[in-house]
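First comes the structure, then the notes that go with it.
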Amino acid sequence: MKRCIIFAGGNPEPMLPDGINTENSLIIAADKGYINCKELGFTPTLTIGDFDSLGFIPNDCEKISFPKEKDDTDLMLAVREALKRECSDITILGALGGRLDHTLANIQTLAFIRENGAWGRILSCNEQIILVSSGKYTIKRKEHYSLSLFSYSREVTGLTVKGVKYPLNNGKIDSSFPIGVSNEIINDSAEISFSSGLLVIVQSRA
């Protein structure tokens, strides 16, 4: 599985979040994400975007420039390039804590990654967000973190959640009511399975 780490231009992380393996990973900086990348001690393999936020075009790595007037966000350009280079495991940093419209767009970008057959997550020192299609998943317990589940599709059906404070067996959640917010993993991990829909899984530091 070829890994990619994308640095977006949102709030910078004070340190590299736990659970990231940078070895043999393609590192892409999306516009201002170049600064976030450099501040954590990395030089990206590639920087991409229109560079309006960054204000200059870096000269210490491969670069792909786009005009400011475009349909894709800089993060989406980075994701497209990662998929083009056959990366199937994509971690996005610096995608939270800024403008709400950008945060929502970044979550939509996770859906794009899933629809294109790859696995993606948004990661920070305080949160992990993944978006998955039907199947079975194991989510490891993290001390002092909550677990929240949201339906990204109209509904998620056949949802079973085990190893949590509020379990569910063959249930259903929909996109118009946040019933899955703020659960708690009480075992070493939570076991989540569902038969249809798209599910957003969020772990947040309490």
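Chain labels run A, B, ... following the order of the structure tokens; each chain numbers its residues from 1, and ligands are numbered from 1 in the order shown.
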
Item to complete: Please provide as a PyMOL selection string all residues within 12 Å of Ala111 of chain A, with the sequence filter that same-chain residues fewer than 4 positions apart are discarded (counting only C-alpha atoms).
Response: chain A and resi 76+79+104-107+115-122+129-133+151-153+197-200

Selection above as a file: N, CA, C and O atoms, as a compact mmCIF listing (two decimals), in the first residue's frame:
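Output below, filename again.txt:
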```txt
# COMPACT_ATOMS: atom_id res chain seq x y z
N MET A 76 -7.80 19.40 -2.95
CA MET A 76 -8.30 18.45 -3.94
C MET A 76 -7.27 18.21 -5.04
O MET A 76 -7.10 17.08 -5.51
N VAL A 79 -4.90 15.75 -3.61
CA VAL A 79 -5.49 14.41 -3.56
C VAL A 79 -5.51 13.78 -4.95
O VAL A 79 -5.17 12.60 -5.11
N LEU A 104 -15.66 21.74 5.82
CA LEU A 104 -16.68 20.93 5.16
C LEU A 104 -16.18 20.41 3.82
O LEU A 104 -16.41 19.25 3.46
N ALA A 105 -15.49 21.26 3.08
CA ALA A 105 -14.93 20.83 1.79
C ALA A 105 -13.90 19.72 2.00
O ALA A 105 -13.82 18.78 1.20
N ASN A 106 -13.15 19.81 3.07
CA ASN A 106 -12.13 18.78 3.34
C ASN A 106 -12.77 17.44 3.67
O ASN A 106 -12.25 16.38 3.29
N ILE A 107 -13.90 17.46 4.37
CA ILE A 107 -14.61 16.21 4.65
C ILE A 107 -15.18 15.64 3.36
O ILE A 107 -15.14 14.42 3.13
N GLU A 115 -14.53 7.22 -2.92
CA GLU A 115 -15.15 6.89 -4.20
C GLU A 115 -14.13 6.47 -5.25
O GLU A 115 -14.48 5.77 -6.21
N ASN A 116 -12.89 6.86 -5.05
CA ASN A 116 -11.84 6.50 -5.99
C ASN A 116 -11.01 5.31 -5.51
O ASN A 116 -9.90 5.08 -6.00
N GLY A 117 -11.55 4.56 -4.55
CA GLY A 117 -10.96 3.29 -4.17
C GLY A 117 -9.81 3.36 -3.19
O GLY A 117 -9.14 2.35 -2.97
N ALA A 118 -9.57 4.53 -2.60
CA ALA A 118 -8.47 4.66 -1.65
C ALA A 118 -9.03 4.90 -0.25
O ALA A 118 -10.23 5.12 -0.06
N TRP A 119 -8.16 4.86 0.74
CA TRP A 119 -8.51 5.09 2.14
C TRP A 119 -7.92 6.42 2.56
O TRP A 119 -6.74 6.69 2.33
N GLY A 120 -8.74 7.28 3.19
CA GLY A 120 -8.25 8.58 3.61
C GLY A 120 -8.67 8.93 5.01
O GLY A 120 -9.66 8.40 5.54
N ARG A 121 -7.94 9.82 5.62
CA ARG A 121 -8.29 10.33 6.94
C ARG A 121 -7.77 11.75 7.09
O ARG A 121 -6.77 12.14 6.46
N ILE A 122 -8.46 12.53 7.89
CA ILE A 122 -8.00 13.84 8.33
C ILE A 122 -7.52 13.67 9.76
O ILE A 122 -8.24 13.13 10.61
N ILE A 129 -10.59 11.93 11.63
CA ILE A 129 -11.84 11.80 10.88
C ILE A 129 -11.59 10.86 9.72
O ILE A 129 -10.66 11.07 8.93
N ILE A 130 -12.41 9.82 9.61
CA ILE A 130 -12.36 8.95 8.44
C ILE A 130 -13.76 8.82 7.88
O ILE A 130 -14.75 9.03 8.58
N LEU A 131 -13.86 8.51 6.61
CA LEU A 131 -15.15 8.32 5.94
C LEU A 131 -15.08 7.00 5.21
O LEU A 131 -14.18 6.78 4.39
N VAL A 132 -16.01 6.09 5.53
CA VAL A 132 -15.92 4.73 5.02
C VAL A 132 -17.25 4.28 4.43
O VAL A 132 -18.32 4.79 4.79
N SER A 133 -17.17 3.34 3.51
CA SER A 133 -18.36 2.69 2.95
C SER A 133 -18.64 1.41 3.72
O SER A 133 -17.88 1.03 4.63
N SER A 151 -23.92 9.91 9.66
CA SER A 151 -24.26 9.41 8.33
C SER A 151 -23.93 10.50 7.30
O SER A 151 -24.49 11.59 7.35
N TYR A 152 -23.03 10.18 6.38
CA TYR A 152 -22.70 11.12 5.31
C TYR A 152 -23.67 10.96 4.15
O TYR A 152 -23.96 11.91 3.43
N SER A 153 -24.19 9.77 3.97
CA SER A 153 -25.26 9.51 3.00
C SER A 153 -26.60 9.82 3.67
O SER A 153 -26.66 10.20 4.84
N GLY A 197 -24.57 2.63 2.94
CA GLY A 197 -24.37 4.04 3.24
C GLY A 197 -22.90 4.41 3.38
O GLY A 197 -22.01 3.60 3.17
N LEU A 198 -22.68 5.68 3.74
CA LEU A 198 -21.35 6.22 3.99
C LEU A 198 -21.33 6.74 5.42
O LEU A 198 -22.21 7.52 5.82
N LEU A 199 -20.31 6.36 6.17
CA LEU A 199 -20.23 6.68 7.59
C LEU A 199 -18.99 7.52 7.87
O LEU A 199 -17.89 7.17 7.45
N VAL A 200 -19.19 8.63 8.58
CA VAL A 200 -18.07 9.44 9.07
C VAL A 200 -17.80 9.04 10.51
O VAL A 200 -18.69 9.06 11.36
```

Practice prompt. For Asn169 of chain A, work out the shell of residues within 10 Å, counting only C-alpha atoms and skipping chain neighbours fewer than 5 positions away, then give it as number ranges by chain.
Written response: A: 158-162, 192-194

Just write the chosen residues, N, CA, C and O atoms, as a PDB file, in the first residue's frame.
```pdb
ATOM      1  N   GLY A 158     -28.127  -1.138   8.987  1.00  0.00           N
ATOM      2  CA  GLY A 158     -27.457  -2.334   9.474  1.00  0.00           C
ATOM      3  C   GLY A 158     -26.272  -2.020  10.356  1.00  0.00           C
ATOM      4  O   GLY A 158     -25.310  -2.791  10.418  1.00  0.00           O
ATOM      5  N   LEU A 159     -26.340  -0.907  11.078  1.00  0.00           N
ATOM      6  CA  LEU A 159     -25.202  -0.424  11.863  1.00  0.00           C
ATOM      7  C   LEU A 159     -25.119  -1.139  13.214  1.00  0.00           C
ATOM      8  O   LEU A 159     -26.061  -1.073  14.019  1.00  0.00           O
ATOM      9  N   THR A 160     -23.994  -1.798  13.441  1.00  0.00           N
ATOM     10  CA  THR A 160     -23.724  -2.457  14.714  1.00  0.00           C
ATOM     11  C   THR A 160     -22.437  -1.878  15.287  1.00  0.00           C
ATOM     12  O   THR A 160     -21.421  -1.794  14.590  1.00  0.00           O
ATOM     13  N   VAL A 161     -22.481  -1.463  16.540  1.00  0.00           N
ATOM     14  CA  VAL A 161     -21.324  -0.863  17.214  1.00  0.00           C
ATOM     15  C   VAL A 161     -21.115  -1.587  18.540  1.00  0.00           C
ATOM     16  O   VAL A 161     -21.999  -1.600  19.398  1.00  0.00           O
ATOM     17  N   LYS A 162     -19.951  -2.200  18.716  1.00  0.00           N
ATOM     18  CA  LYS A 162     -19.632  -2.955  19.920  1.00  0.00           C
ATOM     19  C   LYS A 162     -18.389  -2.374  20.589  1.00  0.00           C
ATOM     20  O   LYS A 162     -17.592  -1.683  19.966  1.00  0.00           O
ATOM     21  N   ILE A 192     -17.094  -1.757  14.494  1.00  0.00           N
ATOM     22  CA  ILE A 192     -18.179  -1.074  13.780  1.00  0.00           C
ATOM     23  C   ILE A 192     -18.426  -1.786  12.460  1.00  0.00           C
ATOM     24  O   ILE A 192     -17.483  -2.055  11.705  1.00  0.00           O
ATOM     25  N   SER A 193     -19.673  -2.101  12.190  1.00  0.00           N
ATOM     26  CA  SER A 193     -20.032  -2.699  10.909  1.00  0.00           C
ATOM     27  C   SER A 193     -21.362  -2.122  10.450  1.00  0.00           C
ATOM     28  O   SER A 193     -22.193  -1.733  11.268  1.00  0.00           O
ATOM     29  N   PHE A 194     -21.558  -2.029   9.130  1.00  0.00           N
ATOM     30  CA  PHE A 194     -22.835  -1.580   8.591  1.00  0.00           C
ATOM     31  C   PHE A 194     -22.981  -2.089   7.165  1.00  0.00           C
ATOM     32  O   PHE A 194     -21.999  -2.447   6.500  1.00  0.00           O
TER      33      PHE A 194
END
```

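Across A:Ser88, A:Thr43, A:Ser195, A:Ser124, the tightest approach to Met15 of chain A is made by A:Ser124 when counting only C-alpha atoms.
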
List every residue of segment 120-152 of chain A that has an atom at most 6 Å from any atom of segment 173-187 of chain A, and for each one report the closest atom pair and its distance in Å to one decimal, counting only C-alpha atoms, with rows sorted by chain and then by increasing residue number, as JSON lines.
```
{"residue": "A:Arg141", "atom": "CA", "partner": "A:Ile185", "partner_atom": "CA", "distance": 5.8}
{"residue": "A:Ser146", "atom": "CA", "partner": "A:Glu184", "partner_atom": "CA", "distance": 5.1}
{"residue": "A:Leu147", "atom": "CA", "partner": "A:Asn183", "partner_atom": "CA", "distance": 4.9}
{"residue": "A:Ser148", "atom": "CA", "partner": "A:Val181", "partner_atom": "CA", "distance": 4.4}
{"residue": "A:Leu149", "atom": "CA", "partner": "A:Gly180", "partner_atom": "CA", "distance": 4.8}
{"residue": "A:Ser151", "atom": "CA", "partner": "A:Ser175", "partner_atom": "CA", "distance": 5.0}
```

Worksheet entry | DSSP strand (DSSP E) residues within chain A, listed as an MDAnalysis selection string | chainID A and resid 3:7 26:30 46:49 62:65 89:93 119:123 127:140 145:151 155:162 168:174 189:205

Worksheet, complete the sentence: Of A:Glu13, A:Glu143, A:Asp72, A:Asp89, the one sitting nearest Ser204 of chain A when using only C-alpha atoms is A:Glu143

Discussion item. Calculated over only C-alpha atoms, which of the candidates A:Ile20, A:Met1, A:Leu96, A:Leu75 has the smallest distance to Thr109 of chain A?
Written reply: A:Leu75

Which residues of segment 64-180 of chain A come within 10 Å of segment 32-35 of chain A, and what is each one's closest atom pair and distance in Å (one decimal), counting only C-alpha atoms, sorted by chain and residue number, as CSV?
```
residue,atom,partner,partner_atom,distance
A:Asp74,CA,A:Lys32,CA,9.2
A:Leu75,CA,A:Gly33,CA,9.1
A:Leu93,CA,A:Gly33,CA,8.5
A:Gly94,CA,A:Gly33,CA,7.1
A:Ala95,CA,A:Gly33,CA,9.2
```

Worksheet item: For Ile48 of chain A, which of A:Ala190, A:Leu77, A:Ser25, A:Cys61 is the closest residue, counting only C-alpha atoms?
Response: A:Leu77

Discussion item. Could you pull out the alpha helix (DSSP H) residues of segment 3-195 of chain A, going by DSSP on the backbone, and write them as a PyMOL selection string?
Written reply: chain A and resi 33-39+74-84+100-115

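Comparing the minimum interatomic distances between Gly135 of chain A and each of A:Leu40, A:Glu69, A:Glu191, A:Asp101, counting only C-alpha atoms, we find that A:Glu191 sits nearest.
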
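Closest approach to Leu83 of chain A from the set A:Ile113, A:Ile201, A:Ile5, A:Leu16 is made by A:Ile113, with distances taken over only C-alpha atoms.
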
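Taking atom CA of Arg154 of chain A and atom CA of Val202 of chain A as endpoints, the distance between them is 18.0 Å.
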